[in-house]
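The file input-v9.pdb contains PDB, C-alpha atoms:
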ATOM      1  CA  MET H   1       0.000   0.000   0.000  1.00  0.00           C
ATOM      2  CA  THR H   2       1.364   3.425  -0.938  1.00  0.00           C
ATOM      3  CA  MET H   3       0.396   5.924   1.715  1.00  0.00           C
ATOM      4  CA  GLY H   4       1.870   8.806   3.654  1.00  0.00           C
ATOM      5  CA  VAL H   5       2.149  11.230   0.786  1.00  0.00           C
ATOM      6  CA  TYR H   6       2.350  14.859   1.747  1.00  0.00           C
ATOM      7  CA  VAL H   7      -0.662  17.154   1.538  1.00  0.00           C
ATOM      8  CA  GLY H   8       0.629  20.104   3.481  1.00  0.00           C
ATOM      9  CA  ALA H   9       0.320  21.875   6.788  1.00  0.00           C
ATOM     10  CA  ILE H  10      -2.564  20.414   8.742  1.00  0.00           C
ATOM     11  CA  ARG H  11      -4.466  23.691   9.045  1.00  0.00           C
ATOM     12  CA  SER H  12      -4.402  24.129   5.257  1.00  0.00           C
ATOM     13  CA  VAL H  13      -6.845  21.211   5.018  1.00  0.00           C
ATOM     14  CA  VAL H  14      -9.558  23.713   5.962  1.00  0.00           C
ATOM     15  CA  GLN H  15      -9.307  25.107   2.421  1.00  0.00           C
ATOM     16  CA  GLN H  16     -10.474  21.760   1.028  1.00  0.00           C
ATOM     17  CA  LEU H  17     -13.680  21.638   3.071  1.00  0.00           C
ATOM     18  CA  ASP H  18     -17.081  22.315   1.549  1.00  0.00           C
ATOM     19  CA  PRO H  19     -17.960  25.887   2.619  1.00  0.00           C
ATOM     20  CA  SER H  20     -21.664  25.120   2.272  1.00  0.00           C
ATOM     21  CA  SER H  21     -21.540  22.193   4.693  1.00  0.00           C
ATOM     22  CA  GLN H  22     -23.660  22.559   7.799  1.00  0.00           C
ATOM     23  CA  ALA H  23     -20.896  20.851   9.745  1.00  0.00           C
ATOM     24  CA  LEU H  24     -18.193  23.264   8.526  1.00  0.00           C
ATOM     25  CA  GLU H  25     -17.528  24.818  11.925  1.00  0.00           C
ATOM     26  CA  GLU H  26     -17.287  21.405  13.574  1.00  0.00           C
ATOM     27  CA  GLN H  27     -14.904  20.212  10.855  1.00  0.00           C
ATOM     28  CA  GLN H  28     -12.720  23.299  11.255  1.00  0.00           C
ATOM     29  CA  GLN H  29     -12.537  22.740  14.996  1.00  0.00           C
ATOM     30  CA  LEU H  30     -11.570  19.098  14.438  1.00  0.00           C
ATOM     31  CA  ILE H  31      -8.749  20.084  12.090  1.00  0.00           C
ATOM     32  CA  GLU H  32      -7.502  22.649  14.594  1.00  0.00           C
ATOM     33  CA  THR H  33      -7.523  19.957  17.283  1.00  0.00           C
ATOM     34  CA  LEU H  34      -5.529  17.617  15.040  1.00  0.00           C
ATOM     35  CA  ALA H  35      -3.020  20.380  14.290  1.00  0.00           C
ATOM     36  CA  ARG H  36      -2.517  21.104  17.979  1.00  0.00           C
ATOM     37  CA  LEU H  37      -2.179  17.400  18.749  1.00  0.00           C
ATOM     38  CA  ALA H  38       0.544  17.020  16.106  1.00  0.00           C
ATOM     39  CA  GLU H  39       2.369  20.091  17.412  1.00  0.00           C
ATOM     40  CA  SER H  40       2.159  18.743  20.954  1.00  0.00           C
ATOM     41  CA  LYS H  41       3.593  15.405  19.818  1.00  0.00           C
ATOM     42  CA  ALA H  42       6.449  17.160  18.050  1.00  0.00           C
ATOM     43  CA  GLU H  43       7.296  19.228  21.130  1.00  0.00           C
ATOM     44  CA  PHE H  44       7.289  16.083  23.256  1.00  0.00           C
ATOM     45  CA  PHE H  45       9.555  14.278  20.788  1.00  0.00           C
ATOM     46  CA  GLU H  46      12.175  17.023  20.864  1.00  0.00           C
ATOM     47  CA  LEU H  47      12.137  17.030  24.664  1.00  0.00           C
ATOM     48  CA  GLN H  48      12.308  13.225  24.724  1.00  0.00           C
ATOM     49  CA  ILE H  49      15.305  13.159  22.356  1.00  0.00           C
ATOM     50  CA  ARG H  50      17.204  15.798  24.307  1.00  0.00           C
ATOM     51  CA  THR H  51      16.478  14.008  27.597  1.00  0.00           C
ATOM     52  CA  SER H  52      17.607  10.674  26.172  1.00  0.00           C
ATOM     53  CA  MET H  53      20.854  12.186  24.951  1.00  0.00           C
ATOM     54  CA  ARG H  54      21.882  13.070  28.480  1.00  0.00           C
ATOM     55  CA  THR H  55      22.032   9.365  29.370  1.00  0.00           C
ATOM     56  CA  ALA H  56      23.387   8.088  26.032  1.00  0.00           C
ATOM     57  CA  GLY H  57      26.371   5.793  26.463  1.00  0.00           C
ATOM     58  CA  GLY H  58      25.347   4.867  30.009  1.00  0.00           C
ATOM     59  CA  SER H  59      24.419   1.511  31.482  1.00  0.00           C
ATOM     60  CA  GLU H  60      20.715   2.017  30.764  1.00  0.00           C
ATOM     61  CA  ASN H  61      21.119   3.725  27.403  1.00  0.00           C
ATOM     62  CA  ASP H  62      23.739   2.092  25.179  1.00  0.00           C
ATOM     63  CA  THR H  63      23.264   4.385  22.185  1.00  0.00           C
ATOM     64  CA  ILE H  64      26.129   6.543  20.870  1.00  0.00           C
ATOM     65  CA  PRO H  65      26.860   9.358  23.400  1.00  0.00           C
ATOM     66  CA  VAL H  66      26.811  12.991  22.312  1.00  0.00           C
ATOM     67  CA  GLU H  67      28.398  16.153  23.645  1.00  0.00           C
ATOM     68  CA  ALA H  68      26.085  18.839  22.259  1.00  0.00           C
ATOM     69  CA  VAL H  69      22.878  19.346  20.299  1.00  0.00           C
ATOM     70  CA  LEU H  70      23.699  21.255  17.107  1.00  0.00           C
ATOM     71  CA  ASP H  71      20.405  21.684  15.281  1.00  0.00           C
ATOM     72  CA  SER H  72      16.880  20.386  14.966  1.00  0.00           C
ATOM     73  CA  VAL H  73      13.905  20.471  12.632  1.00  0.00           C
ATOM     74  CA  THR H  74      10.231  19.927  13.397  1.00  0.00           C
ATOM     75  CA  GLU H  75       7.431  19.417  10.885  1.00  0.00           C
ATOM     76  CA  THR H  76       3.754  18.472  11.085  1.00  0.00           C
ATOM     77  CA  HIS H  77       1.818  17.261   8.059  1.00  0.00           C
ATOM     78  CA  ALA H  78      -1.522  16.083   6.753  1.00  0.00           C
ATOM     79  CA  TYR H  79      -1.539  13.111   4.369  1.00  0.00           C
ATOM     80  CA  SER H  80      -3.874  11.765   1.742  1.00  0.00           C
ATOM     81  CA  GLY H  81      -3.574   8.850  -0.664  1.00  0.00           C
ATOM     82  CA  LYS H  82      -4.745  11.176  -3.441  1.00  0.00           C
ATOM     83  CA  SER H  83      -1.797  13.526  -3.142  1.00  0.00           C
ATOM     84  CA  SER H  84       1.078  13.222  -5.603  1.00  0.00           C
ATOM     85  CA  ALA H  85       3.904  14.611  -3.461  1.00  0.00           C
ATOM     86  CA  ASN H  86       6.107  12.375  -1.319  1.00  0.00           C
ATOM     87  CA  ILE H  87       6.978  12.679   2.341  1.00  0.00           C
ATOM     88  CA  GLY H  88      10.552  11.773   1.425  1.00  0.00           C
ATOM     89  CA  ASP H  89      10.985  15.189  -0.184  1.00  0.00           C
ATOM     90  CA  SER H  90      10.329  16.869   3.151  1.00  0.00           C
ATOM     91  CA  VAL H  91      12.630  14.517   5.057  1.00  0.00           C
ATOM     92  CA  THR H  92      15.549  14.776   2.638  1.00  0.00           C
ATOM     93  CA  ARG H  93      15.154  18.541   2.390  1.00  0.00           C
ATOM     94  CA  ALA H  94      15.162  18.839   6.176  1.00  0.00           C
ATOM     95  CA  LEU H  95      18.217  16.587   6.437  1.00  0.00           C
ATOM     96  CA  LYS H  96      20.152  18.605   3.861  1.00  0.00           C
ATOM     97  CA  SER H  97      19.262  21.832   5.649  1.00  0.00           C
ATOM     98  CA  PHE H  98      21.313  20.939   8.715  1.00  0.00           C
ATOM     99  CA  CYS H  99      23.776  18.325   7.500  1.00  0.00           C
ATOM    100  CA  GLY H 100      25.307  20.432   4.757  1.00  0.00           C
ATOM    101  CA  GLY H 101      28.833  19.458   5.789  1.00  0.00           C
ATOM    102  CA  SER H 102      28.267  15.818   4.860  1.00  0.00           C
ATOM    103  CA  LYS H 103      28.861  14.428   1.373  1.00  0.00           C
ATOM    104  CA  ASP H 104      25.832  14.352  -0.916  1.00  0.00           C
ATOM    105  CA  ASP H 105      25.880  10.566  -1.304  1.00  0.00           C
ATOM    106  CA  ILE H 106      25.885  10.115   2.479  1.00  0.00           C
ATOM    107  CA  ILE H 107      23.077  12.630   3.034  1.00  0.00           C
ATOM    108  CA  THR H 108      21.086  11.082   0.202  1.00  0.00           C
ATOM    109  CA  GLY H 109      21.764   7.615   1.600  1.00  0.00           C
ATOM    110  CA  VAL H 110      20.639   8.511   5.111  1.00  0.00           C
ATOM    111  CA  GLY H 111      17.692  10.409   3.640  1.00  0.00           C
ATOM    112  CA  THR H 112      16.700   7.288   1.712  1.00  0.00           C
ATOM    113  CA  LEU H 113      16.936   5.123   4.834  1.00  0.00           C
ATOM    114  CA  ILE H 114      14.746   7.581   6.721  1.00  0.00           C
ATOM    115  CA  THR H 115      12.330   7.957   3.817  1.00  0.00           C
ATOM    116  CA  ASP H 116      11.972   4.197   3.354  1.00  0.00           C
ATOM    117  CA  GLY H 117      11.387   3.747   7.076  1.00  0.00           C
ATOM    118  CA  LEU H 118       8.802   6.526   7.185  1.00  0.00           C
ATOM    119  CA  SER H 119       7.038   5.341   4.039  1.00  0.00           C
ATOM    120  CA  THR H 120       6.614   1.868   5.530  1.00  0.00           C
ATOM    121  CA  PHE H 121       5.586   3.381   8.846  1.00  0.00           C
ATOM    122  CA  LEU H 122       3.004   5.719   7.322  1.00  0.00           C
ATOM    123  CA  GLY H 123       1.763   3.014   4.977  1.00  0.00           C
ATOM    124  CA  ASP H 124       0.717   0.751   7.840  1.00  0.00           C
ATOM    125  CA  ALA H 125      -3.056   0.937   7.529  1.00  0.00           C
ATOM    126  CA  SER H 126      -3.555  -1.101  10.713  1.00  0.00           C
ATOM    127  CA  ALA H 127      -1.730   1.420  12.897  1.00  0.00           C
ATOM    128  CA  SER H 128      -4.099   4.081  14.211  1.00  0.00           C
ATOM    129  CA  ASP H 129      -1.757   5.925  16.593  1.00  0.00           C
ATOM    130  CA  THR H 130       1.896   4.913  16.428  1.00  0.00           C
ATOM    131  CA  THR H 131       5.403   6.262  16.906  1.00  0.00           C
ATOM    132  CA  LEU H 132       8.698   5.534  15.148  1.00  0.00           C
ATOM    133  CA  GLN H 133      12.092   6.206  16.785  1.00  0.00           C
ATOM    134  CA  ARG H 134      15.500   5.719  15.122  1.00  0.00           C
ATOM    135  CA  TYR H 135      18.935   7.289  15.011  1.00  0.00           C
ATOM    136  CA  TYR H 136      21.709   7.482  12.442  1.00  0.00           C
ATOM    137  CA  VAL H 137      25.381   8.502  12.437  1.00  0.00           C
ATOM    138  CA  MET H 138      27.470  10.177   9.758  1.00  0.00           C
ATOM    139  CA  ALA H 139      30.718  12.034   9.170  1.00  0.00           C
ATOM    140  CA  GLU H 140      30.240  15.761   8.697  1.00  0.00           C
ATOM    141  CA  GLY H 141      33.372  17.678   7.809  1.00  0.00           C
ATOM    142  CA  PHE H 142      35.786  17.134  10.704  1.00  0.00           C
ATOM    143  CA  SER H 143      33.198  15.740  13.101  1.00  0.00           C
ATOM    144  CA  ILE H 144      30.928  12.746  13.633  1.00  0.00           C
ATOM    145  CA  VAL H 145      27.271  13.578  14.090  1.00  0.00           C
ATOM    146  CA  ARG H 146      24.233  11.678  15.228  1.00  0.00           C
ATOM    147  CA  VAL H 147      20.758  12.334  13.807  1.00  0.00           C
ATOM    148  CA  ASP H 148      17.806  11.260  15.932  1.00  0.00           C
ATOM    149  CA  LEU H 149      14.378  10.898  14.369  1.00  0.00           C
ATOM    150  CA  CYS H 150      10.989  10.591  16.021  1.00  0.00           C
ATOM    151  CA  ALA H 151       7.832  10.316  13.933  1.00  0.00           C
ATOM    152  CA  TRP H 152       4.159   9.965  14.803  1.00  0.00           C
ATOM    153  CA  GLN H 153       1.048   9.216  12.768  1.00  0.00           C
ATOM    154  CA  PHE H 154      -2.650   9.226  13.545  1.00  0.00           C
ATOM    155  CA  ASN H 155      -5.406   7.796  11.341  1.00  0.00           C
ATOM    156  CA  VAL H 156      -8.293  10.225  10.897  1.00  0.00           C
ATOM    157  CA  GLU H 157     -11.571   8.367  11.290  1.00  0.00           C
ATOM    158  CA  ALA H 158     -13.949  11.344  11.287  1.00  0.00           C
ATOM    159  CA  LYS H 159     -15.959  10.874   8.090  1.00  0.00           C
ATOM    160  CA  GLY H 160     -16.569  14.579   7.693  1.00  0.00           C
ATOM    161  CA  ILE H 161     -12.937  15.304   6.827  1.00  0.00           C
ATOM    162  CA  GLN H 162     -11.633  11.929   5.597  1.00  0.00           C
ATOM    163  CA  GLY H 163     -11.968  13.061   2.007  1.00  0.00           C
ATOM    164  CA  ALA H 164      -9.466  15.858   2.646  1.00  0.00           C
ATOM    165  CA  VAL H 165      -7.087  14.147   5.057  1.00  0.00           C
ATOM    166  CA  GLU H 166      -6.568  10.488   5.935  1.00  0.00           C
ATOM    167  CA  LYS H 167      -3.696  10.843   8.381  1.00  0.00           C
ATOM    168  CA  VAL H 168      -1.876  13.521  10.322  1.00  0.00           C
ATOM    169  CA  GLY H 169       1.712  13.175  11.432  1.00  0.00           C
ATOM    170  CA  ALA H 170       4.696  14.863  12.973  1.00  0.00           C
ATOM    171  CA  PHE H 171       8.406  14.277  12.775  1.00  0.00           C
ATOM    172  CA  VAL H 172      11.354  15.726  14.649  1.00  0.00           C
ATOM    173  CA  ALA H 173      15.005  15.325  13.663  1.00  0.00           C
ATOM    174  CA  VAL H 174      17.796  16.435  16.001  1.00  0.00           C
ATOM    175  CA  LYS H 175      21.471  16.631  15.019  1.00  0.00           C
ATOM    176  CA  SER H 176      24.112  16.255  17.725  1.00  0.00           C
ATOM    177  CA  ALA H 177      27.897  16.087  17.886  1.00  0.00           C
ATOM    178  CA  VAL H 178      29.092  12.643  18.940  1.00  0.00           C
ATOM    179  CA  ASP H 179      31.335  12.615  22.031  1.00  0.00           C
ATOM    180  CA  LEU H 180      34.332  10.878  20.482  1.00  0.00           C
ATOM    181  CA  SER H 181      36.144  10.673  23.817  1.00  0.00           C
ATOM    182  CA  LYS H 182      33.510   8.173  24.975  1.00  0.00           C
ATOM    183  CA  VAL H 183      33.206   6.073  21.820  1.00  0.00           C
ATOM    184  CA  LYS H 184      35.528   3.278  20.772  1.00  0.00           C
ATOM    185  CA  PHE H 185      36.162   3.197  17.061  1.00  0.00           C
ATOM    186  CA  ASN H 186      35.101  -0.450  16.755  1.00  0.00           C
ATOM    187  CA  THR H 187      31.734   0.422  18.295  1.00  0.00           C
ATOM    188  CA  PHE H 188      31.205   3.311  15.917  1.00  0.00           C
ATOM    189  CA  LEU H 189      32.498   1.302  12.951  1.00  0.00           C
ATOM    190  CA  ASN H 190      30.029  -1.503  13.595  1.00  0.00           C
ATOM    191  CA  ILE H 191      27.067   0.883  13.594  1.00  0.00           C
ATOM    192  CA  TYR H 192      28.302   3.062  10.744  1.00  0.00           C
ATOM    193  CA  ALA H 193      29.336   0.204   8.466  1.00  0.00           C
ATOM    194  CA  ARG H 194      25.965  -1.511   8.808  1.00  0.00           C
ATOM    195  CA  GLN H 195      24.233   1.773   8.072  1.00  0.00           C
ATOM    196  CA  LEU H 196      26.387   2.398   4.989  1.00  0.00           C
ATOM    197  CA  GLU H 197      25.734  -1.121   3.724  1.00  0.00           C
ATOM    198  CA  SER H 198      21.999  -0.499   4.105  1.00  0.00           C
ATOM    199  CA  MET H 199      22.398   2.493   1.783  1.00  0.00           C
ATOM    200  CA  GLN H 200      23.680   0.098  -0.896  1.00  0.00           C
ATOM    201  CA  LEU H 201      26.564   2.410  -1.786  1.00  0.00           C
ATOM    202  CA  GLU H 202      29.112   1.340  -4.358  1.00  0.00           C
ATOM    203  CA  SER H 203      32.207  -0.304  -2.880  1.00  0.00           C
ATOM    204  CA  ALA H 204      34.439   2.699  -3.601  1.00  0.00           C
ATOM    205  CA  ALA H 205      32.010   5.145  -1.970  1.00  0.00           C
ATOM    206  CA  LEU H 206      31.619   2.858   1.049  1.00  0.00           C
ATOM    207  CA  GLU H 207      35.387   2.579   1.536  1.00  0.00           C
ATOM    208  CA  THR H 208      35.800   6.355   1.170  1.00  0.00           C
ATOM    209  CA  ALA H 209      33.109   7.012   3.784  1.00  0.00           C
ATOM    210  CA  LEU H 210      34.760   4.634   6.252  1.00  0.00           C
ATOM    211  CA  GLU H 211      38.196   6.159   5.669  1.00  0.00           C
ATOM    212  CA  GLU H 212      36.860   9.667   6.232  1.00  0.00           C
ATOM    213  CA  ALA H 213      35.264   8.608   9.504  1.00  0.00           C
ATOM    214  CA  LYS H 214      38.533   6.983  10.559  1.00  0.00           C
ATOM    215  CA  LYS H 215      40.424  10.225   9.835  1.00  0.00           C
ATOM    216  CA  VAL H 216      38.020  12.177  12.043  1.00  0.00           C
ATOM    217  CA  PHE H 217      38.638   9.783  14.933  1.00  0.00           C
ATOM    218  CA  HIS H 218      42.400   9.989  14.357  1.00  0.00           C
ATOM    219  CA  SER H 219      42.388  13.808  14.232  1.00  0.00           C
ATOM    220  CA  PHE H 220      40.702  13.942  17.645  1.00  0.00           C
ATOM    221  CA  GLY H 221      42.900  11.220  19.107  1.00  0.00           C
ATOM    222  CA  ALA H 222      39.690   9.428  20.009  1.00  0.00           C
ATOM    223  CA  GLY H 223      39.190   5.707  20.405  1.00  0.00           C
ATOM    224  CA  ASP H 224      41.265   2.981  18.790  1.00  0.00           C
ATOM    225  CA  VAL H 225      41.390   3.633  15.038  1.00  0.00           C
ATOM    226  CA  THR H 226      43.672   0.725  14.221  1.00  0.00           C
ATOM    227  CA  ALA H 227      40.700  -1.532  13.432  1.00  0.00           C
TER     228      ALA H 227
END
Starting from the file, give its structure as structure tokens.
Amino acid sequence: MTMGVYVGAIRSVVQQLDPSSQALEEQQQLIETLARLAESKAEFFELQIRTSMRTAGGSENDTIPVEAVLDSVTETHAYSGKSSANIGDSVTRALKSFCGGSKDDIITGVGTLITDGLSTFLGDASASDTTLQRYYVMAEGFSIVRVDLCAWQFNVEAKGIQGAVEKVGAFVAVKSAVDLSKVKFNTFLNIYARQLESMQLESAALETALEEAKKVFHSFGAGDVTA
């Protein structure tokens, strides 16, 4: 099932409603409620990511530790199976906006991984109110960054507006600088290599990406880069 295509900002759905409908005011209020719910979810996600980062690398949170949050992006959307645009455009555009120091093939690769994950997530017709959480790592210039993603979707069951919007969603992406002093190169390499392989990069591009990451570790004197 192909679903999760982008319609636009949730409140813009009001423009698609029948102005002669007797239930117009009720429909407008419902759309406003959905917009506020999505915004609330997005705010919670950003707080949740930032809170989780404080314990990253600890005994109860074995994800890659970070030293500082560098940037973030938040978007809320309405979706309809009749729309021709793709959510991946929004995700990749957002990723490029704050990971400009990374190589295009890496950004595109990570963007594709995120897009594929979100497309599957949003295409799950059986999920009425679900959340997706993932994180990715990449080399950016002379640093290693981590990108955390949280996404939420909600199936709209109100018949009065189903023709205009089938789902509403929110996603938050947060970019952080990895704390290289707390990460062993083998640990990073295991995560990064598997991620690169998932991108299905050509062998030469994959080797180049790994070598660049190794140079970053070496330049900071972090971890064991002999692996």
List as a ChimeraX atom specification the protein and nucleic acid residues near Asp71 of chain H, meaning an atom at most 9 Å away when only C-alpha atoms are counted, but skip any in the same chain fewer than 2 places from it. /H:69,73,98,173-176
So which one's closest to Tyr192 of chain H, H:Arg11, H:Ile64, H:Arg50, H:Glu157? Using all atoms listed in the file, please. H:Ile64
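When the PyMOL selection byres ((chain H and resi 76) around 8) is run on the displayed coordinates, the residues it returns are H:Ala9, H:Ile10, H:Ala35, H:Ala38, H:Glu39, H:Ala42, H:Thr74, H:Glu75, H:His77, H:Ala78, H:Val168, H:Gly169, H:Ala170, H:Phe171.
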Go ahead and save the picked residues with C-alpha atoms, as a PDB file, in the frame of the given file.
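Saved to part19.pdb:
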ATOM      1  CA  ALA H   9       0.320  21.875   6.788  1.00  0.00           C
ATOM      2  CA  ILE H  10      -2.564  20.414   8.742  1.00  0.00           C
ATOM      3  CA  ALA H  35      -3.020  20.380  14.290  1.00  0.00           C
ATOM      4  CA  ALA H  38       0.544  17.020  16.106  1.00  0.00           C
ATOM      5  CA  GLU H  39       2.369  20.091  17.412  1.00  0.00           C
ATOM      6  CA  ALA H  42       6.449  17.160  18.050  1.00  0.00           C
ATOM      7  CA  THR H  74      10.231  19.927  13.397  1.00  0.00           C
ATOM      8  CA  GLU H  75       7.431  19.417  10.885  1.00  0.00           C
ATOM      9  CA  HIS H  77       1.818  17.261   8.059  1.00  0.00           C
ATOM     10  CA  ALA H  78      -1.522  16.083   6.753  1.00  0.00           C
ATOM     11  CA  VAL H 168      -1.876  13.521  10.322  1.00  0.00           C
ATOM     12  CA  GLY H 169       1.712  13.175  11.432  1.00  0.00           C
ATOM     13  CA  ALA H 170       4.696  14.863  12.973  1.00  0.00           C
ATOM     14  CA  PHE H 171       8.406  14.277  12.775  1.00  0.00           C
TER      15      PHE H 171
END
Tell me, as a list in words, which residues lie within 9 Å of Ile161 of chain H, counting only C-alpha atoms; anything in the same chain fewer than 6 positions away does not count. Val13, Leu17, Gln27, Leu30 and Ile31 of chain H
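Of note, atom CA of Glu202 of chain H and atom CA of Thr112 of chain H are spaced 15.0 Å apart.
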Evaluated on this file, the PyMOL selection byres ((chain H and resi 188) around 12) picks out some residues - which ones are they, written as a ChimeraX atom specification? /H:57,62-65,136-139,144-146,178-187,189-196,210,213-214,216-217,222-225,227
